[in-house]
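Below is coords.txt, which holds compact mmCIF, C-alpha atoms.
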# COMPACT_ATOMS: atom_id res chain seq x y z
CA MET G 68 65.32 67.74 107.66
CA ALA G 69 63.82 64.26 107.79
CA LEU G 70 60.62 63.71 109.72
CA LYS G 71 61.12 60.10 110.79
CA ALA G 72 59.97 59.44 114.36
CA VAL G 73 62.59 58.25 116.82
CA HIS G 74 62.11 56.96 120.33
CA VAL G 75 65.53 56.16 121.71
CA SER G 76 65.87 52.97 123.72
CA ASP G 77 69.52 52.33 123.00
CA VAL G 78 72.11 54.30 121.09
CA PRO G 79 75.03 52.12 119.97
CA SER G 80 78.42 53.38 118.83
CA LEU G 81 78.03 57.03 119.78
CA ASP G 82 81.17 59.16 119.52
CA HIS G 83 81.79 60.19 123.12
CA VAL G 84 83.17 63.59 123.93
CA THR G 85 86.29 63.61 126.08
CA GLU G 86 85.30 64.39 129.64
CA ASN G 87 87.89 66.96 130.68
CA ALA G 88 85.64 69.05 132.89
CA SER G 89 84.53 68.52 136.44
CA LEU G 90 81.57 69.36 138.66
CA THR G 91 83.60 68.90 141.82
CA ALA G 92 85.21 72.35 141.68
CA TYR G 93 82.22 74.61 141.34
CA ALA G 94 82.58 78.37 141.60
CA THR G 95 82.25 80.08 144.96
CA ARG G 96 78.59 81.03 144.71
CA PHE G 97 77.62 77.43 144.02
CA SER G 98 80.47 75.40 145.49
CA ASN G 99 78.65 72.57 147.23
CA VAL G 100 76.76 70.67 144.55
CA GLU G 101 76.88 66.92 145.12
CA MET G 102 76.53 64.81 142.01
CA ASN G 103 76.98 61.27 140.84
CA ARG G 104 75.74 59.53 137.70
CA SER G 105 72.17 59.38 138.92
CA GLU G 106 71.45 62.37 141.11
CA LEU G 107 72.17 66.03 141.68
CA LYS G 108 71.75 67.69 145.06
CA MET G 109 71.32 71.43 145.24
CA PRO G 110 72.87 72.90 148.41
CA LYS G 111 70.32 75.70 148.58
CA PHE G 112 67.32 77.25 146.85
CA VAL G 113 68.75 78.42 143.53
CA VAL G 114 67.74 81.33 141.32
CA VAL G 115 68.31 81.22 137.56
CA GLY G 116 68.13 84.25 135.27
CA HIS G 117 65.82 83.54 132.31
CA ARG G 118 67.67 84.24 129.05
CA GLY G 119 70.09 86.18 131.21
CA HIS G 120 68.58 89.26 132.82
CA GLY G 121 65.07 88.25 131.66
CA MET G 122 63.12 87.49 128.51
CA ASN G 123 61.90 90.27 126.20
CA GLN G 124 58.16 90.82 125.86
CA LEU G 125 57.99 93.54 123.25
CA GLN G 126 54.27 94.10 123.65
CA SER G 127 54.45 94.39 127.46
CA SER G 128 53.72 97.66 129.23
CA ASP G 129 56.32 96.66 131.83
CA ARG G 130 59.59 98.37 130.83
CA ARG G 131 61.57 95.73 132.72
CA MET G 132 60.60 93.20 130.05
CA ARG G 133 62.28 95.37 127.40
CA ALA G 134 65.26 96.60 129.41
CA ILE G 135 68.09 94.56 127.86
CA LYS G 136 68.24 92.33 124.77
CA GLU G 137 67.58 88.77 125.93
CA ASN G 138 70.12 86.01 125.27
CA SER G 139 72.94 88.52 124.82
CA ILE G 140 76.33 88.97 126.46
CA MET G 141 75.09 92.26 127.92
CA SER G 142 72.08 90.52 129.44
CA PHE G 143 74.17 87.68 130.85
CA ASN G 144 76.64 90.00 132.55
CA ALA G 145 73.88 92.26 133.85
CA ALA G 146 72.28 89.21 135.46
CA ALA G 147 75.62 88.04 136.87
CA ALA G 148 75.85 91.28 138.85
CA PHE G 149 73.14 89.86 141.13
CA PRO G 150 73.49 86.83 143.45
CA LEU G 151 72.27 84.33 140.85
CA ASP G 152 73.44 80.74 140.68
CA PHE G 153 72.83 80.22 136.95
CA ILE G 154 71.70 81.99 133.84
CA GLU G 155 69.53 80.10 131.37
CA PHE G 156 69.77 80.51 127.61
CA ASP G 157 68.69 78.77 124.41
CA VAL G 158 71.22 77.12 122.12
CA GLN G 159 70.65 76.18 118.48
CA VAL G 160 73.18 75.07 115.88
CA THR G 161 73.61 76.89 112.57
CA LYS G 162 73.71 75.29 109.13
CA ASP G 163 77.52 75.27 109.30
CA ASP G 164 77.61 73.68 112.78
CA TYR G 165 78.18 76.65 115.10
CA PRO G 166 76.21 76.69 118.37
CA VAL G 167 74.55 80.09 118.78
CA ILE G 168 72.23 81.57 121.39
CA PHE G 169 68.73 82.41 120.19
CA HIS G 170 65.28 81.40 121.40
CA ASP G 171 62.90 81.52 118.45
CA ASP G 172 62.64 78.89 115.69
CA PHE G 173 62.48 81.62 113.03
CA ILE G 174 64.29 84.92 112.64
CA PHE G 175 62.33 87.81 111.11
CA SER G 176 63.55 90.83 109.21
CA GLU G 177 62.30 93.52 106.83
CA GLU G 178 63.60 94.76 103.51
CA ASN G 179 61.93 97.33 101.24
CA GLY G 180 58.77 97.13 103.33
CA ASN G 181 58.52 93.35 103.01
CA VAL G 182 58.75 91.12 106.09
CA PHE G 183 60.47 87.78 105.60
CA GLN G 184 61.35 84.89 107.88
CA THR G 185 64.12 82.32 107.86
CA ARG G 186 64.41 79.19 109.96
CA MET G 187 67.19 79.76 112.48
CA THR G 188 68.96 76.50 111.72
CA ASP G 189 68.98 77.21 107.96
CA LEU G 190 71.32 80.17 108.51
CA THR G 191 75.11 80.03 108.49
CA LEU G 192 76.95 81.67 111.38
CA SER G 193 77.79 84.79 109.37
CA GLU G 194 74.18 85.11 108.22
CA PHE G 195 72.89 84.76 111.79
CA LEU G 196 75.28 87.38 113.15
CA SER G 197 74.33 89.82 110.38
CA TYR G 198 70.99 90.58 112.12
CA GLY G 199 70.63 93.38 114.64
CA PRO G 200 73.39 95.61 116.04
CA GLN G 201 76.92 94.78 114.92
CA ARG G 202 80.14 94.62 116.93
CA GLU G 203 82.13 96.23 114.14
CA ALA G 204 81.99 100.01 114.44
CA GLY G 205 80.05 101.70 111.66
CA LYS G 206 78.56 98.47 110.35
CA GLU G 207 74.78 98.28 110.14
CA GLY G 208 73.01 94.97 110.57
CA LYS G 209 69.75 93.74 109.10
CA LYS G 210 66.59 94.83 110.88
CA LEU G 211 65.61 92.35 113.54
CA LEU G 212 61.90 91.75 114.08
CA ARG G 213 60.03 89.29 116.27
CA LYS G 214 56.77 87.41 115.98
CA THR G 215 54.71 87.35 119.18
CA LYS G 216 52.59 84.40 120.33
CA GLU G 217 49.58 86.36 119.12
CA GLY G 218 51.06 86.46 115.61
CA ASN G 219 52.04 90.12 115.53
CA ILE G 220 55.35 91.11 113.90
CA LEU G 221 57.09 93.77 116.00
CA LYS G 222 60.40 95.58 115.77
CA TRP G 223 62.75 94.12 118.39
CA ASP G 224 63.10 97.36 120.34
CA VAL G 225 64.78 97.28 123.75
CA GLU G 226 66.30 100.01 125.90
CA LYS G 227 69.77 98.44 125.80
CA ASP G 228 70.52 96.50 122.64
CA ASP G 229 73.40 94.11 122.04
CA PRO G 230 74.58 91.91 119.14
CA LEU G 231 73.54 88.30 118.73
CA CYS G 232 76.14 85.90 120.09
CA THR G 233 77.57 82.39 119.95
CA LEU G 234 77.87 79.85 122.75
CA GLU G 235 81.64 80.19 122.63
CA GLU G 236 81.40 83.97 123.11
CA ALA G 237 79.25 83.42 126.19
CA PHE G 238 81.89 81.19 127.76
CA VAL G 239 84.65 83.67 126.97
CA ASN G 240 82.88 86.91 127.93
CA VAL G 241 80.57 86.07 130.85
CA LYS G 242 81.74 86.08 134.46
CA PRO G 243 83.10 82.55 135.12
CA SER G 244 81.49 82.16 138.54
CA ILE G 245 77.97 82.16 137.08
CA GLY G 246 76.59 78.79 136.06
CA PHE G 247 75.10 78.10 132.63
CA ASN G 248 71.77 76.33 132.19
CA VAL G 249 72.13 75.41 128.51
CA GLU G 250 68.69 74.76 127.00
CA LEU G 251 69.06 72.61 123.90
CA LYS G 252 66.47 74.17 121.62
CA PHE G 253 64.54 72.22 118.98
CA ASP G 254 61.38 72.95 116.99
CA ASP G 255 58.30 71.47 118.69
CA HIS G 256 56.75 70.73 115.29
CA ILE G 257 59.55 68.60 113.87
CA VAL G 258 60.22 64.96 114.70
CA TYR G 259 63.97 64.61 114.33
CA GLN G 260 66.04 61.68 113.17
CA GLN G 261 68.47 60.31 115.70
CA ASP G 262 71.55 61.04 113.60
CA HIS G 263 70.56 64.69 113.27
CA LEU G 264 70.10 65.04 117.03
CA VAL G 265 73.47 63.42 117.70
CA HIS G 266 75.17 65.74 115.19
CA VAL G 267 73.66 68.85 116.79
CA LEU G 268 74.42 67.73 120.33
CA GLN G 269 78.03 66.89 119.53
CA ALA G 270 78.52 70.39 118.10
CA VAL G 271 77.26 71.86 121.39
CA LEU G 272 79.24 69.46 123.58
CA LYS G 273 82.45 70.28 121.72
CA ILE G 274 82.17 73.95 122.72
CA VAL G 275 81.11 73.14 126.28
CA PHE G 276 83.99 70.77 126.95
CA GLU G 277 86.52 73.11 125.35
CA HIS G 278 85.46 76.17 127.35
CA ALA G 279 83.51 75.24 130.49
CA LYS G 280 86.53 74.71 132.76
CA ASP G 281 85.09 74.92 136.31
CA ARG G 282 81.89 76.71 135.34
CA PRO G 283 78.73 74.94 136.58
CA ILE G 284 76.71 73.53 133.67
CA ILE G 285 73.21 72.07 133.47
CA PHE G 286 71.72 70.84 130.19
CA SER G 287 67.95 71.01 129.70
CA THR G 288 65.58 70.42 126.82
CA PHE G 289 61.91 69.93 125.97
CA GLN G 290 62.94 67.35 123.34
CA PRO G 291 62.74 63.94 125.06
CA ASP G 292 65.08 62.12 122.67
CA ALA G 293 67.64 64.93 122.84
CA ALA G 294 67.57 64.67 126.65
CA ILE G 295 68.22 60.92 126.46
CA LEU G 296 70.98 61.33 123.92
CA VAL G 297 72.89 64.11 125.66
CA ARG G 298 72.86 61.95 128.80
CA LYS G 299 74.32 59.03 126.80
CA LEU G 300 76.89 61.22 125.06
CA GLN G 301 78.39 62.51 128.32
CA SER G 302 78.17 61.89 132.06
CA THR G 303 79.98 64.97 133.38
CA TYR G 304 77.09 67.43 133.45
CA PRO G 305 73.51 66.87 134.67
CA VAL G 306 70.61 66.70 132.22
CA PHE G 307 67.16 68.03 133.12
CA PHE G 308 63.97 67.36 131.19
CA LEU G 309 61.83 70.43 130.49
CA THR G 310 58.05 70.04 130.62
CA ASN G 311 54.93 72.19 130.57
CA GLY G 312 53.60 69.88 133.26
CA GLY G 313 50.38 69.27 131.37
CA CYS G 314 49.61 72.93 130.67
CA GLU G 315 49.83 72.15 126.94
CA ILE G 316 49.26 68.85 125.14
CA TYR G 317 51.64 67.41 122.53
CA GLU G 318 51.58 64.36 120.27
CA ASP G 319 54.54 62.95 122.19
CA VAL G 320 52.94 61.77 125.45
CA ARG G 321 56.27 62.04 127.26
CA ARG G 322 55.77 65.82 127.23
CA ASN G 323 52.24 65.88 128.62
CA SER G 324 52.54 65.54 132.39
CA LEU G 325 54.91 65.66 135.33
CA GLU G 326 54.33 61.93 135.83
CA GLU G 327 55.58 61.27 132.29
CA ALA G 328 58.56 63.56 132.91
CA LEU G 329 59.38 61.62 136.09
CA LYS G 330 59.13 58.33 134.21
CA LEU G 331 61.44 59.59 131.45
CA CYS G 332 64.04 60.73 133.98
CA LEU G 333 64.02 57.49 135.95
CA GLU G 334 64.18 55.26 132.87
CA ASN G 335 67.08 57.22 131.34
CA ASP G 336 69.11 58.29 134.36
CA LEU G 337 68.40 62.00 133.98
CA GLN G 338 69.06 64.17 137.02
CA GLY G 339 66.14 66.56 137.14
CA ILE G 340 62.95 68.16 135.85
CA VAL G 341 62.22 71.78 134.94
CA SER G 342 58.47 72.41 134.92
CA GLU G 343 56.13 75.28 134.19
CA ILE G 344 55.15 76.31 137.71
CA LYS G 345 51.43 76.20 136.92
CA GLY G 346 51.81 72.48 136.27
CA VAL G 347 53.33 72.00 139.72
CA PHE G 348 50.73 74.11 141.53
CA ARG G 349 47.97 72.15 139.78
CA ASN G 350 49.57 68.86 140.79
CA PRO G 351 51.47 69.54 144.04
CA GLY G 352 51.49 65.89 145.10
CA VAL G 353 54.02 65.05 142.41
CA VAL G 354 56.69 67.13 144.15
CA SER G 355 57.18 64.52 146.86
CA LYS G 356 57.39 61.75 144.24
CA ILE G 357 60.09 63.67 142.37
CA LYS G 358 62.08 64.34 145.53
CA GLU G 359 61.72 60.74 146.75
CA SER G 360 63.24 59.72 143.41
CA SER G 361 66.36 61.81 144.18
CA LEU G 362 65.65 64.15 141.29
CA CYS G 363 66.10 67.90 141.31
CA LEU G 364 63.05 70.06 140.52
CA LEU G 365 63.26 73.58 139.08
CA THR G 366 60.41 75.66 137.70
CA TYR G 367 59.85 78.40 135.13
CA GLY G 368 56.93 80.64 134.19
CA LYS G 369 55.49 84.09 134.78
CA LEU G 370 54.45 83.27 138.33
CA ASN G 371 58.12 82.96 139.23
CA ASN G 372 58.26 86.75 139.02
CA VAL G 373 55.92 86.91 142.04
CA PRO G 374 57.89 86.72 145.33
CA GLU G 375 55.04 85.05 147.23
CA ALA G 376 54.78 82.30 144.61
CA VAL G 377 58.54 81.76 144.82
CA TYR G 378 58.39 81.53 148.60
CA MET G 379 55.61 78.97 148.39
CA GLN G 380 57.84 76.83 146.18
CA HIS G 381 60.62 77.10 148.73
CA LEU G 382 58.25 75.73 151.38
CA MET G 383 57.14 72.93 149.02
CA GLY G 384 60.71 71.67 148.65
CA ILE G 385 61.27 72.81 145.08
CA ASP G 386 64.99 73.34 144.43
CA GLY G 387 64.91 76.61 142.51
CA VAL G 388 63.26 78.99 140.08
CA ILE G 389 63.99 80.46 136.65
CA VAL G 390 62.98 84.12 136.70
CA ASP G 391 62.76 87.23 134.54
CA LEU G 392 62.79 89.85 137.31
CA VAL G 393 66.28 89.03 138.50
CA LYS G 394 66.75 91.96 140.89
CA GLU G 395 63.38 91.59 142.59
CA ILE G 396 63.48 87.82 143.03
CA THR G 397 67.10 87.58 144.17
CA GLU G 398 66.28 90.18 146.83
CA ALA G 399 63.17 88.25 147.87
CA VAL G 400 65.08 84.96 148.10
CA ALA G 401 67.85 86.62 150.11
CA ASN G 402 65.20 87.65 152.63
CA MET G 403 63.90 84.09 152.88
CA ILE G 404 67.19 82.40 153.74
CA LYS G 405 70.04 84.31 155.34
CA PRO G 406 73.46 83.13 156.59
CA VAL G 407 73.72 83.23 160.39
CA SER G 408 76.65 85.15 161.86
CA ASN G 409 78.90 83.50 164.47
CA ASN G 410 77.74 85.90 167.18
CA ALA G 411 74.04 85.45 166.43
CA VAL G 412 71.89 85.45 169.55
CA GLY G 413 69.17 82.90 170.07
CA GLY G 414 68.47 79.21 169.78
CA GLU G 415 68.81 76.74 166.95
CA GLU G 416 65.20 76.97 165.80
CA GLY G 417 64.91 77.91 162.16
CA LEU G 418 68.49 76.91 161.32
CA ALA G 419 69.53 74.44 158.67
CA GLU G 420 73.03 72.93 158.63
CA ILE G 421 74.50 72.35 155.15
CA GLU G 422 77.91 70.77 154.87
CA GLY G 423 80.48 73.23 153.61
CA MET G 424 78.12 76.20 153.85
CA GLY G 425 77.54 76.49 157.58
CA LYS G 426 74.15 77.29 159.10
CA LEU G 427 71.43 79.04 157.17
CA GLN G 428 68.52 80.82 158.75
CA VAL G 429 65.28 79.61 157.22
CA LYS G 430 62.37 81.97 157.62
CA SER G 431 59.72 79.30 158.01
CA ASN G 432 57.27 81.81 159.47
CA PRO G 433 57.62 84.97 157.37
CA LYS G 434 55.68 88.04 158.34
CA PHE G 435 53.30 88.82 155.50
CA SER G 436 50.81 91.65 155.47
CA GLN G 437 47.09 90.81 155.50
CA GLU G 438 46.98 91.58 151.78
CA GLU G 439 49.90 89.24 151.08
CA MET G 440 48.38 86.47 153.19
CA SER G 441 45.14 86.83 151.27
CA PHE G 442 47.10 86.51 148.04
CA LEU G 443 48.81 83.33 149.24
CA PHE G 444 45.54 81.71 150.31
CA LYS G 445 43.93 82.48 146.96
CA LEU G 446 46.89 81.68 144.71
CA ILE G 447 46.82 77.89 144.43
CA PRO G 448 43.01 77.44 144.18
CA GLN G 449 42.97 79.96 141.34
CA LEU G 450 45.80 78.17 139.55
CA LEU G 451 44.08 74.81 139.87
CA GLN G 452 41.18 76.23 137.86
CA ILE G 453 43.34 77.49 134.96
As structure tokens:
Amino acid sequence: MALKAVHVSDVPSLDHVTENASLTAYATRFSNVEMNRSELKMPKFVVVGHRGHGMNQLQSSDRRMRAIKENSIMSFNAAAAFPLDFIEFDVQVTKDDYPVIFHDDFIFSEENGNVFQTRMTDLTLSEFLSYGPQREAGKEGKKLLRKTKEGNILKWDVEKDDPLCTLEEAFVNVKPSIGFNVELKFDDHIVYQQDHLVHVLQAVLKIVFEHAKDRPIIFSTFQPDAAILVRKLQSTYPVFFLTNGGCEIYEDVRRNSLEEALKLCLENDLQGIVSEIKGVFRNPGVVSKIKESSLCLLTYGKLNNVPEAVYMQHLMGIDGVIVDLVKEITEAVANMIKPVSNNAVGGEEGLAEIEGMGKLQVKSNPKFSQEEMSFLFKLIPQLLQI
């Protein structure tokens, strides 16, 4: 893996993938997306399942964070049982060019009491799939461990386990009406050569264009050059740039603020931004700049598991949220915006007309308890101090 810096301004002679998919025939739960080469319009406030039904936090006391193995077929289908618009998952490419779904840069295991790690992208497909539970009856996989942010190595214990999977398996085995937010995963500590990025992206695009059919697809990535390249390699599916919104600082300045993310999108014809919600709450003025630029804005982060914080984003004009607590947040969002029946009594106040979807009732004045109101008033000032 070469460590030569690359800042893409122009990419000549790229091998384009045949564009045989379409965004114009979206599935029923998300059938009114309007898109051209430079913008994407969400027809409603969207909810995206993080790594499917939610990420795993093995050290958490909250059982919901260990309910189902993240980034698995089981997790994706469990999430699809709720009124989600998309599921988000992390795609990396193995040493032998197979796109697989896994979040971490390294995979950990244990043998004879010794813990060892292997870089994900140094594994072949068969080696990758040999970890954890196996699909073949009676076959035992290698122990799968995980390193937490605090540096602890824990057994990857969840209540409902499932084998590791490939991107192709996700397309084949997950309900076709649910959209895929494909995060193109790269190591934050490596500066990649352009040819390597192109090779990886083409391996992913090959699977997407072979299997997507009418499934909604959004690409996203924290890697600025990968975002630029995947936009140049295809124009069928929208590309969003992922950012911490200034919550963490990187050597690449393009990653260090929402203003830099906006600049990157406008200069390279990307369609949207996905930001850590803390970054947005600490810099709420940038939301109007993003929307005025005809860009979509989604958010991620722990605060997106708090219904009041999600509702605040709805009022701010943010287009959607990536969440771990799928059941709780989809229920909360359903209570914010409800379809109006034909025999509804009352005036037009609080109604929003969306072409192809009819009228939606927007609860612009929700009834919160005194405790909830107190929470809302305190939320943003506290975040601004983080």
My list of candidates is G:Val347, G:Leu251, G:Val275, G:Val373. Which is closest to G:Glu326 when distances are computed with all atoms listed in the file?
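The answer is G:Val347, which sits nearest to G:Glu326.
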Which residues come within 12 Å of G:Ile285, counting all atoms listed in the file, excluding same-chain residues fewer than 3 positions away, as a compact mmCIF listing (two decimals) with C-alpha atoms, keeping the file's coordinate frame?
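part-v2.txt, written as the output of this step:
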# COMPACT_ATOMS: atom_id res chain seq x y z
CA LEU G 90 81.57 69.36 138.66
CA VAL G 100 76.76 70.67 144.55
CA MET G 102 76.53 64.81 142.01
CA LEU G 107 72.17 66.03 141.68
CA MET G 109 71.32 71.43 145.24
CA VAL G 115 68.31 81.22 137.56
CA ASP G 152 73.44 80.74 140.68
CA PHE G 153 72.83 80.22 136.95
CA ILE G 154 71.70 81.99 133.84
CA GLU G 155 69.53 80.10 131.37
CA PHE G 156 69.77 80.51 127.61
CA ILE G 245 77.97 82.16 137.08
CA GLY G 246 76.59 78.79 136.06
CA PHE G 247 75.10 78.10 132.63
CA ASN G 248 71.77 76.33 132.19
CA VAL G 249 72.13 75.41 128.51
CA GLU G 250 68.69 74.76 127.00
CA LEU G 251 69.06 72.61 123.90
CA LEU G 272 79.24 69.46 123.58
CA VAL G 275 81.11 73.14 126.28
CA ALA G 279 83.51 75.24 130.49
CA ARG G 282 81.89 76.71 135.34
CA THR G 288 65.58 70.42 126.82
CA ALA G 294 67.57 64.67 126.65
CA VAL G 297 72.89 64.11 125.66
CA ARG G 298 72.86 61.95 128.80
CA SER G 302 78.17 61.89 132.06
CA THR G 303 79.98 64.97 133.38
CA TYR G 304 77.09 67.43 133.45
CA PRO G 305 73.51 66.87 134.67
CA VAL G 306 70.61 66.70 132.22
CA PHE G 307 67.16 68.03 133.12
CA PHE G 308 63.97 67.36 131.19
CA LEU G 309 61.83 70.43 130.49
CA LEU G 337 68.40 62.00 133.98
CA GLN G 338 69.06 64.17 137.02
CA GLY G 339 66.14 66.56 137.14
CA ILE G 340 62.95 68.16 135.85
CA VAL G 341 62.22 71.78 134.94
CA CYS G 363 66.10 67.90 141.31
CA LEU G 365 63.26 73.58 139.08
Which residues are close to G:Lys136, i.e. within 7 Å by all atoms listed in the file, leaving aside same-chain residues fewer than 4 positions away? Reply as a tab-separated table (two decimals) with C-alpha atoms, in the coordinates of the input.
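And here is the file that came out, result-v2.tsv:
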chain	number	residue	atom	x	y	z
G	123	ASN	CA	61.90	90.27	126.20
G	142	SER	CA	72.08	90.52	129.44
G	225	VAL	CA	64.78	97.28	123.75
G	227	LYS	CA	69.77	98.44	125.80
G	228	ASP	CA	70.52	96.50	122.64
G	229	ASP	CA	73.40	94.11	122.04
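Each of G:Val158, G:Phe253, G:Ala293, G:Leu211 was checked against G:Glu235 using all atoms listed in the file; the smallest atom-to-atom distance is that of G:Val158.
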Mind checking which residues fall within 10 Å of G:Thr188, counting only C-alpha atoms, ignoring those fewer than 3 positions away in the same chain, and posting them as a ChimeraX atom specification?
/G:159-167,172-174,185,191-192,195,253-254
With N, CA and C atoms retained, output stretch 119-134 of chain G as an mmCIF file, in the first residue's frame.
data_model
loop_
_atom_site.group_PDB
_atom_site.id
_atom_site.type_symbol
_atom_site.label_atom_id
_atom_site.label_comp_id
_atom_site.auth_asym_id
_atom_site.auth_seq_id
_atom_site.Cartn_x
_atom_site.Cartn_y
_atom_site.Cartn_z
ATOM 1 N N GLY G 119 -27.452 -1.347 9.623
ATOM 2 C CA GLY G 119 -28.631 -2.195 9.640
ATOM 3 C C GLY G 119 -29.542 -1.818 10.781
ATOM 4 N N HIS G 120 -29.691 -2.723 11.727
ATOM 5 C CA HIS G 120 -30.567 -2.516 12.879
ATOM 6 C C HIS G 120 -29.905 -1.686 13.973
ATOM 7 N N GLY G 121 -28.624 -1.335 13.793
ATOM 8 C CA GLY G 121 -27.897 -0.540 14.782
ATOM 9 C C GLY G 121 -26.513 -1.098 15.021
ATOM 10 N N MET G 122 -25.582 -0.209 15.360
ATOM 11 C CA MET G 122 -24.204 -0.631 15.607
ATOM 12 C C MET G 122 -24.113 -1.424 16.899
ATOM 13 N N ASN G 123 -23.067 -2.232 17.030
ATOM 14 C CA ASN G 123 -22.807 -2.974 18.270
ATOM 15 C C ASN G 123 -21.832 -2.201 19.143
ATOM 16 N N GLN G 124 -22.222 -1.986 20.385
ATOM 17 C CA GLN G 124 -21.321 -1.451 21.410
ATOM 18 C C GLN G 124 -21.222 -2.514 22.489
ATOM 19 N N LEU G 125 -20.160 -3.300 22.400
ATOM 20 C CA LEU G 125 -20.046 -4.488 23.243
ATOM 21 C C LEU G 125 -19.911 -4.157 24.720
ATOM 22 N N GLN G 126 -19.388 -2.979 25.011
ATOM 23 C CA GLN G 126 -19.191 -2.594 26.412
ATOM 24 C C GLN G 126 -20.409 -1.885 26.985
ATOM 25 N N SER G 127 -21.443 -1.641 26.172
ATOM 26 C CA SER G 127 -22.604 -0.877 26.617
ATOM 27 C C SER G 127 -23.489 -1.698 27.559
ATOM 28 N N SER G 128 -24.089 -1.017 28.506
ATOM 29 C CA SER G 128 -25.048 -1.668 29.405
ATOM 30 C C SER G 128 -26.434 -1.752 28.764
ATOM 31 N N ASP G 129 -26.595 -1.079 27.628
ATOM 32 C CA ASP G 129 -27.866 -1.082 26.908
ATOM 33 C C ASP G 129 -27.916 -2.313 26.001
ATOM 34 N N ARG G 130 -28.801 -3.260 26.322
ATOM 35 C CA ARG G 130 -28.879 -4.521 25.567
ATOM 36 C C ARG G 130 -29.208 -4.285 24.103
ATOM 37 N N ARG G 131 -29.874 -3.181 23.793
ATOM 38 C CA ARG G 131 -30.247 -2.903 22.412
ATOM 39 C C ARG G 131 -29.024 -2.726 21.519
ATOM 40 N N MET G 132 -27.904 -2.338 22.120
ATOM 41 C CA MET G 132 -26.681 -2.133 21.342
ATOM 42 C C MET G 132 -25.923 -3.435 21.109
ATOM 43 N N ARG G 133 -26.460 -4.530 21.643
ATOM 44 C CA ARG G 133 -25.862 -5.854 21.428
ATOM 45 C C ARG G 133 -26.920 -6.862 20.983
ATOM 46 N N ALA G 134 -28.019 -6.359 20.425
ATOM 47 C CA ALA G 134 -29.146 -7.243 20.109
ATOM 48 C C ALA G 134 -28.854 -8.140 18.911
#
